[in-house]
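Participant: Okay, handing you the structure first.
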Amino acid sequence: MERLKNKVAVITGGNSGIGFGIAEAFKNEGAVGTITGRNEVTLQDSIKALNGEFIAVKGDVTHLDDLENIFKKTAEKFGKIDALVVNAGGVVDGIAMNTVDQTTEESYDKYMELNLKSAYFTVQKSLPYLNDGASIILIGSSAAHRAAPGMAIYSAAKAAIISLAKGLSLDLLSRKIRVNALSPGSIDTPVFGKLVSEEQLEQVKQMWIDITPVGRQGLPSDIGNAAVFLASDESSFIIGTEILSDGGLTNIS
Ligand code: NDP
């Protein structure tokens with residue numbers, strides 16, 4: 001199928017995990033565009049795996065100049081943008097998530113900057129380069145709905161992503177730009193290696209398998225498939241809401 005034929009997409013953090021899964025799914029549906037990240041090696045590997053249909057633009061999403069450059073380079077290569085996936089986020093390099101008694105002001109600011117502020121400004125900086133009628137997909141998290149020790153700041157930032165989808169979709173209604181949040185449950189990506197030691201990794205993944213009603217972790221392609229739907233015209237009546245792709249995780253008490 002070519003549900004995204006001739007569409008131009010930008011996927012931040014498209015060089016790893018969920019972002020790469022979304023880029024692959026978009027490519028398979030006929031899209032072209034840009035993946036971003038800071039790691040040159042994984043960017044180049046990902047471009048190769050995407051068979052040259054995408055370009056890589058290196059940038060830090062917490063730097064507003066880098067964000068502008070990402071959209072400028074994309075428009076120079078492909079023209080205006082039809083789909084923006086605001087996916088870069090998660091764990092801040094070198095700063096562990098922590099419980100409230102252990103959290104510094106710097107750690108709070110860095111997590112909010114990566115998981116909330118950067119999403120807002122990614123959208124803002126994209127606006128001059130978006131086609132009217134474009135689809136913006138903000139990657140949220142089931143953590144917006146489920147508490148876990150040490151994850152209060154991340155959960156709060158991701159809960160705010162859902163509010164951003166609602167508010168921004170009204171701000172952008174006059175241009176018929178749709179904004180929705182897509183919230184993954186536990187997805188098997190390199191992020192777990194950033195959160196726990198190698199010895200704990202298999203145990204932690206098994207814990208997620210055990211508590212996810214469908215009995216497995218999600219794959220990046222599960223999120224890719226949902227993102228294709230939200231980027232395509234099939235979802236044209238879906239505006240300012242959240243879709244959860246979590247194997248039932250948020251349904252359990
Ligand atoms: P990964 O760690 O595999 O990927 C994170 C991506 O974000 C990488 O491409 C990384 O690229 C990029 N990134 C991180 N910081 C920055 C930065 N400052 N500037 C630019 N790019 C940055 O994680 P996932 O694929 O698992 O996570 C992707 C998204 O999905 C995140 O928003 C995360 O919160 C969300 N999520 C993940 C879940 C999961 O279970 N995996 C569950 C729910 C939500 P680089 O390092 O090259 O900069």
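In the structure tokens, chains take the letters A, B, ... in the order shown, each chain's residues start at 1, and ligands count up from 1 in the order shown.
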Find the residues near Asn251 (chain A): any atom within 10 Å, counting only C-alpha atoms, skip ones fewer than 4 places away on the same chain, and give them as a list in words.

Facilitator: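 So, after excluding close chain neighbours, the residues are His145, Arg146, Thr212, Pro213, Asp246 and Gly247 of chain A.
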
Participant: Would you save the residues of that selection, restricted to C-alpha atoms, as a compact mmCIF listing (two decimals), in the first residue's frame?

Facilitator:
```txt
# COMPACT_ATOMS: atom_id res chain seq x y z
CA HIS A 145 -1.44 7.36 32.74
CA ARG A 146 0.54 4.93 34.93
CA THR A 212 1.37 -6.16 29.52
CA PRO A 213 -2.01 -7.86 28.92
CA ASP A 246 0.23 -0.19 24.57
CA GLY A 247 -0.93 -3.82 24.38
```

Participant: Extract the full set of helix (DSSP H, G or I) residues from region 149-243 of chain A according to DSSP on the backbone, and format it as a ChimeraX atom specification.

Facilitator: /A:152-171,173-175,191-195,198-211,220-231,233-235

Participant: Please report, as JSON lines, each residue of chain A lying at most 6 Å from ligand 1, together with the nearest pair of atoms and the separation in Å rounded to one decimal; use only C-alpha atoms and all ligand atoms, and order rows by chain and ascending residue number.

Facilitator:
```
{"residue": "A:Gly13", "atom": "CA", "partner": "ligand 1", "partner_atom_place_in_ligand_line": "9 (O)", "distance": 3.2}
{"residue": "A:Gly14", "atom": "CA", "partner": "ligand 1", "partner_atom_place_in_ligand_line": "9 (O)", "distance": 5.2}
{"residue": "A:Asn15", "atom": "CA", "partner": "ligand 1", "partner_atom_place_in_ligand_line": "9 (O)", "distance": 4.6}
{"residue": "A:Ser16", "atom": "CA", "partner": "ligand 1", "partner_atom_place_in_ligand_line": "9 (O)", "distance": 4.3}
{"residue": "A:Gly17", "atom": "CA", "partner": "ligand 1", "partner_atom_place_in_ligand_line": "25 (O)", "distance": 3.5}
{"residue": "A:Ile18", "atom": "CA", "partner": "ligand 1", "partner_atom_place_in_ligand_line": "25 (O)", "distance": 3.8}
{"residue": "A:Gly19", "atom": "CA", "partner": "ligand 1", "partner_atom_place_in_ligand_line": "25 (O)", "distance": 5.6}
{"residue": "A:Gly37", "atom": "CA", "partner": "ligand 1", "partner_atom_place_in_ligand_line": "47 (O)", "distance": 3.8}
{"residue": "A:Arg38", "atom": "CA", "partner": "ligand 1", "partner_atom_place_in_ligand_line": "48 (O)", "distance": 3.6}
{"residue": "A:Asn39", "atom": "CA", "partner": "ligand 1", "partner_atom_place_in_ligand_line": "47 (O)", "distance": 3.7}
{"residue": "A:Gly59", "atom": "CA", "partner": "ligand 1", "partner_atom_place_in_ligand_line": "20 (C)", "distance": 5.7}
{"residue": "A:Asp60", "atom": "CA", "partner": "ligand 1", "partner_atom_place_in_ligand_line": "19 (N)", "distance": 3.4}
{"residue": "A:Val61", "atom": "CA", "partner": "ligand 1", "partner_atom_place_in_ligand_line": "19 (N)", "distance": 4.0}
{"residue": "A:Thr62", "atom": "CA", "partner": "ligand 1", "partner_atom_place_in_ligand_line": "18 (N)", "distance": 5.4}
{"residue": "A:Asn87", "atom": "CA", "partner": "ligand 1", "partner_atom_place_in_ligand_line": "32 (O)", "distance": 4.7}
{"residue": "A:Ala88", "atom": "CA", "partner": "ligand 1", "partner_atom_place_in_ligand_line": "7 (O)", "distance": 3.5}
{"residue": "A:Gly89", "atom": "CA", "partner": "ligand 1", "partner_atom_place_in_ligand_line": "32 (O)", "distance": 3.7}
{"residue": "A:Gly90", "atom": "CA", "partner": "ligand 1", "partner_atom_place_in_ligand_line": "34 (O)", "distance": 3.5}
{"residue": "A:Ile139", "atom": "CA", "partner": "ligand 1", "partner_atom_place_in_ligand_line": "32 (O)", "distance": 5.6}
{"residue": "A:Gly140", "atom": "CA", "partner": "ligand 1", "partner_atom_place_in_ligand_line": "44 (C)", "distance": 5.7}
{"residue": "A:Ser141", "atom": "CA", "partner": "ligand 1", "partner_atom_place_in_ligand_line": "43 (C)", "distance": 3.9}
{"residue": "A:Ser142", "atom": "CA", "partner": "ligand 1", "partner_atom_place_in_ligand_line": "43 (C)", "distance": 5.9}
{"residue": "A:Pro184", "atom": "CA", "partner": "ligand 1", "partner_atom_place_in_ligand_line": "43 (C)", "distance": 4.4}
{"residue": "A:Gly185", "atom": "CA", "partner": "ligand 1", "partner_atom_place_in_ligand_line": "42 (C)", "distance": 4.9}
{"residue": "A:Ser186", "atom": "CA", "partner": "ligand 1", "partner_atom_place_in_ligand_line": "40 (O)", "distance": 3.6}
{"residue": "A:Ile187", "atom": "CA", "partner": "ligand 1", "partner_atom_place_in_ligand_line": "40 (O)", "distance": 3.7}
{"residue": "A:Asp188", "atom": "CA", "partner": "ligand 1", "partner_atom_place_in_ligand_line": "41 (N)", "distance": 5.8}
{"residue": "A:Thr189", "atom": "CA", "partner": "ligand 1", "partner_atom_place_in_ligand_line": "26 (O)", "distance": 4.8}
{"residue": "A:Pro190", "atom": "CA", "partner": "ligand 1", "partner_atom_place_in_ligand_line": "3 (O)", "distance": 4.4}
{"residue": "A:Val191", "atom": "CA", "partner": "ligand 1", "partner_atom_place_in_ligand_line": "2 (O)", "distance": 3.9}
```

Participant: Once you have the residues from the selection above, write them out as a PDB file, in the first residue's frame, restricted to N, CA and C atoms.

Facilitator:
```pdb
ATOM      1  N   GLY A  13      14.538  12.047  16.091  1.00  0.00           N
ATOM      2  CA  GLY A  13      14.958  10.796  16.734  1.00  0.00           C
ATOM      3  C   GLY A  13      14.681   9.596  15.840  1.00  0.00           C
ATOM      4  N   GLY A  14      14.764   9.807  14.520  1.00  0.00           N
ATOM      5  CA  GLY A  14      14.485   8.714  13.577  1.00  0.00           C
ATOM      6  C   GLY A  14      15.651   7.767  13.399  1.00  0.00           C
ATOM      7  N   ASN A  15      16.713   7.970  14.165  1.00  0.00           N
ATOM      8  CA  ASN A  15      17.900   7.114  14.041  1.00  0.00           C
ATOM      9  C   ASN A  15      17.939   5.995  15.076  1.00  0.00           C
ATOM     10  N   SER A  16      16.845   5.791  15.817  1.00  0.00           N
ATOM     11  CA  SER A  16      16.861   4.758  16.864  1.00  0.00           C
ATOM     12  C   SER A  16      15.437   4.325  17.188  1.00  0.00           C
ATOM     13  N   GLY A  17      15.304   3.111  17.697  1.00  0.00           N
ATOM     14  CA  GLY A  17      14.071   2.635  18.327  1.00  0.00           C
ATOM     15  C   GLY A  17      12.782   2.973  17.605  1.00  0.00           C
ATOM     16  N   ILE A  18      11.881   3.619  18.343  1.00  0.00           N
ATOM     17  CA  ILE A  18      10.542   3.928  17.831  1.00  0.00           C
ATOM     18  C   ILE A  18      10.622   4.854  16.606  1.00  0.00           C
ATOM     19  N   GLY A  19      11.494   5.855  16.666  1.00  0.00           N
ATOM     20  CA  GLY A  19      11.608   6.798  15.548  1.00  0.00           C
ATOM     21  C   GLY A  19      12.016   6.097  14.272  1.00  0.00           C
ATOM     22  N   GLY A  37      18.725  13.304  14.630  1.00  0.00           N
ATOM     23  CA  GLY A  37      19.326  12.754  15.847  1.00  0.00           C
ATOM     24  C   GLY A  37      20.662  13.453  16.032  1.00  0.00           C
ATOM     25  N   ARG A  38      21.360  13.114  17.100  1.00  0.00           N
ATOM     26  CA  ARG A  38      22.674  13.742  17.315  1.00  0.00           C
ATOM     27  C   ARG A  38      23.817  12.808  16.946  1.00  0.00           C
ATOM     28  N   ASN A  39      23.536  11.509  16.869  1.00  0.00           N
ATOM     29  CA  ASN A  39      24.594  10.521  16.668  1.00  0.00           C
ATOM     30  C   ASN A  39      24.804  10.261  15.168  1.00  0.00           C
ATOM     31  N   GLY A  59      21.036  17.139  14.616  1.00  0.00           N
ATOM     32  CA  GLY A  59      20.617  18.284  15.428  1.00  0.00           C
ATOM     33  C   GLY A  59      20.156  17.859  16.809  1.00  0.00           C
ATOM     34  N   ASP A  60      20.296  18.806  17.737  1.00  0.00           N
ATOM     35  CA  ASP A  60      19.832  18.593  19.116  1.00  0.00           C
ATOM     36  C   ASP A  60      18.478  19.289  19.246  1.00  0.00           C
ATOM     37  N   VAL A  61      17.441  18.550  19.601  1.00  0.00           N
ATOM     38  CA  VAL A  61      16.098  19.141  19.634  1.00  0.00           C
ATOM     39  C   VAL A  61      15.908  20.148  20.777  1.00  0.00           C
ATOM     40  N   THR A  62      16.886  20.227  21.683  1.00  0.00           N
ATOM     41  CA  THR A  62      16.786  21.243  22.730  1.00  0.00           C
ATOM     42  C   THR A  62      17.454  22.559  22.299  1.00  0.00           C
ATOM     43  N   ASN A  87       9.294  12.864  18.052  1.00  0.00           N
ATOM     44  CA  ASN A  87       9.561  11.595  18.751  1.00  0.00           C
ATOM     45  C   ASN A  87      10.781  11.660  19.664  1.00  0.00           C
ATOM     46  N   ALA A  88      11.776  12.482  19.331  1.00  0.00           N
ATOM     47  CA  ALA A  88      13.015  12.516  20.130  1.00  0.00           C
ATOM     48  C   ALA A  88      12.655  12.817  21.586  1.00  0.00           C
ATOM     49  N   GLY A  89      13.215  12.064  22.483  1.00  0.00           N
ATOM     50  CA  GLY A  89      12.902  12.275  23.900  1.00  0.00           C
ATOM     51  C   GLY A  89      13.294  11.059  24.700  1.00  0.00           C
ATOM     52  N   GLY A  90      12.792  10.990  25.911  1.00  0.00           N
ATOM     53  CA  GLY A  90      13.085   9.847  26.773  1.00  0.00           C
ATOM     54  C   GLY A  90      14.115  10.195  27.814  1.00  0.00           C
ATOM     55  N   ILE A 139       4.817  12.142  20.144  1.00  0.00           N
ATOM     56  CA  ILE A 139       4.950  10.852  20.823  1.00  0.00           C
ATOM     57  C   ILE A 139       4.859  11.071  22.342  1.00  0.00           C
ATOM     58  N   GLY A 140       3.805  10.522  22.919  1.00  0.00           N
ATOM     59  CA  GLY A 140       3.587  10.605  24.362  1.00  0.00           C
ATOM     60  C   GLY A 140       4.120   9.352  25.032  1.00  0.00           C
ATOM     61  N   SER A 141       3.359   8.829  25.983  1.00  0.00           N
ATOM     62  CA  SER A 141       3.754   7.595  26.664  1.00  0.00           C
ATOM     63  C   SER A 141       2.607   7.104  27.540  1.00  0.00           C
ATOM     64  N   SER A 142       2.537   5.773  27.691  1.00  0.00           N
ATOM     65  CA  SER A 142       1.583   5.229  28.668  1.00  0.00           C
ATOM     66  C   SER A 142       1.938   5.718  30.072  1.00  0.00           C
ATOM     67  N   PRO A 184       2.993   5.267  23.200  1.00  0.00           N
ATOM     68  CA  PRO A 184       3.381   3.860  23.261  1.00  0.00           C
ATOM     69  C   PRO A 184       3.345   3.329  24.698  1.00  0.00           C
ATOM     70  N   GLY A 185       3.096   2.016  24.808  1.00  0.00           N
ATOM     71  CA  GLY A 185       3.352   1.317  26.071  1.00  0.00           C
ATOM     72  C   GLY A 185       4.818   0.931  26.103  1.00  0.00           C
ATOM     73  N   SER A 186       5.117  -0.244  26.638  1.00  0.00           N
ATOM     74  CA  SER A 186       6.512  -0.668  26.706  1.00  0.00           C
ATOM     75  C   SER A 186       6.943  -1.234  25.347  1.00  0.00           C
ATOM     76  N   ILE A 187       7.886  -0.557  24.709  1.00  0.00           N
ATOM     77  CA  ILE A 187       8.341  -0.930  23.362  1.00  0.00           C
ATOM     78  C   ILE A 187       9.812  -1.333  23.447  1.00  0.00           C
ATOM     79  N   ASP A 188      10.153  -2.425  22.797  1.00  0.00           N
ATOM     80  CA  ASP A 188      11.516  -2.952  22.862  1.00  0.00           C
ATOM     81  C   ASP A 188      12.455  -2.083  22.020  1.00  0.00           C
ATOM     82  N   THR A 189      13.147  -1.169  22.693  1.00  0.00           N
ATOM     83  CA  THR A 189      14.085  -0.260  22.005  1.00  0.00           C
ATOM     84  C   THR A 189      15.341  -0.107  22.870  1.00  0.00           C
ATOM     85  N   PRO A 190      16.368   0.563  22.327  1.00  0.00           N
ATOM     86  CA  PRO A 190      17.603   0.748  23.114  1.00  0.00           C
ATOM     87  C   PRO A 190      17.416   1.559  24.401  1.00  0.00           C
ATOM     88  N   VAL A 191      16.238   2.166  24.602  1.00  0.00           N
ATOM     89  CA  VAL A 191      16.085   3.024  25.788  1.00  0.00           C
ATOM     90  C   VAL A 191      16.275   2.245  27.085  1.00  0.00           C
TER      91      VAL A 191
END
```

Participant: Report, in Å to a single decimal, how far apart CA of Ile162 (chain A) and CA of Ala143 (chain A) are.

Facilitator: 11.5 Å

Participant: Output as CSV one row per residue of region 77-172 of chain A within 9 Å of region 223-243 of chain A: the closest atom pair and its distance in Å to one decimal place, counting only C-alpha atoms, sorted by chain and residue number ascending.

Facilitator:
```
residue,atom,partner,partner_atom,distance
A:Asp82,CA,A:Ala231,CA,8.0
A:Ala83,CA,A:Ala231,CA,5.8
A:Leu84,CA,A:Ala231,CA,8.2
A:Val85,CA,A:Ala227,CA,8.2
A:Gly133,CA,A:Ser236,CA,8.9
A:Ala134,CA,A:Ala231,CA,8.0
A:Ser135,CA,A:Ala231,CA,5.4
A:Ile136,CA,A:Ala231,CA,7.4
A:Ile137,CA,A:Leu230,CA,7.2
A:Gly140,CA,A:Glu242,CA,8.4
A:Ile162,CA,A:Glu242,CA,6.4
A:Ser163,CA,A:Gly240,CA,8.4
A:Leu164,CA,A:Gly240,CA,8.3
A:Ala165,CA,A:Gly240,CA,4.9
A:Lys166,CA,A:Gly240,CA,4.1
A:Gly167,CA,A:Gly240,CA,7.3
A:Leu168,CA,A:Gly240,CA,7.6
A:Ser169,CA,A:Gly240,CA,5.3
A:Leu170,CA,A:Gly240,CA,7.7
```

Participant: If you keep C-alpha atoms, can you produce a file of those selected residues as a PDB file, in the first residue's frame?

Facilitator:
```
ATOM      1  CA  ASP A  82       3.133  16.936   5.231  1.00  0.00           C
ATOM      2  CA  ALA A  83       3.876  14.932   8.394  1.00  0.00           C
ATOM      3  CA  LEU A  84       5.922  15.783  11.474  1.00  0.00           C
ATOM      4  CA  VAL A  85       6.623  13.167  14.131  1.00  0.00           C
ATOM      5  CA  GLY A 133      -3.470  20.164   6.154  1.00  0.00           C
ATOM      6  CA  ALA A 134      -0.288  18.600   7.564  1.00  0.00           C
ATOM      7  CA  SER A 135      -0.411  16.034  10.371  1.00  0.00           C
ATOM      8  CA  ILE A 136       1.671  16.490  13.525  1.00  0.00           C
ATOM      9  CA  ILE A 137       2.158  13.447  15.752  1.00  0.00           C
ATOM     10  CA  GLY A 140       3.587  10.605  24.362  1.00  0.00           C
ATOM     11  CA  ILE A 162      -1.504  15.103  25.502  1.00  0.00           C
ATOM     12  CA  SER A 163      -2.568  18.619  26.527  1.00  0.00           C
ATOM     13  CA  LEU A 164      -0.259  20.074  23.892  1.00  0.00           C
ATOM     14  CA  ALA A 165      -1.969  17.959  21.230  1.00  0.00           C
ATOM     15  CA  LYS A 166      -5.350  19.369  22.280  1.00  0.00           C
ATOM     16  CA  GLY A 167      -4.231  23.003  22.546  1.00  0.00           C
ATOM     17  CA  LEU A 168      -1.990  23.124  19.479  1.00  0.00           C
ATOM     18  CA  SER A 169      -4.653  21.526  17.310  1.00  0.00           C
ATOM     19  CA  LEU A 170      -6.916  24.494  18.110  1.00  0.00           C
TER      20      LEU A 170
END
```

Participant: For Ser197 (chain A), which of A:Ala96, A:Thr36, A:Lys58, A:Asn180 is the closest residue, counting only C-alpha atoms?

Facilitator: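 Using only C-alpha atoms, the shortest distance to Ser197 (chain A) belongs to A:Ala96.
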
Participant: Just list as a ChimeraX atom specification whatever in region 10-207 of chain A DSSP marks as strand (DSSP E).

Facilitator: /A:10-11,32-37,54-58,81-86,130-139,178-184

Participant: Taking only C-alpha atoms into account, name the residue in A:Met112, A:Asn69, A:Thr42, A:Ile35 that is nearest to Ile55 (chain A).

Facilitator: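 Answer, going by the shortest atom-to-atom distance: A:Ile35.
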
Participant: For CA of Gln206 (chain A) and CA of Gly193 (chain A), determine how far apart the two atoms are, in Å to one decimal place.

Facilitator: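 For CA of Gln206 (chain A) relative to CA of Gly193 (chain A), the distance reads 13.8 Å.
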
Participant: With distances taken over only C-alpha atoms, which of A:Asp45, A:Val92, A:Glu198, A:Ile211 is nearest to Lys110 (chain A)?

Facilitator: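 The closest residue to Lys110 (chain A) is A:Val92.
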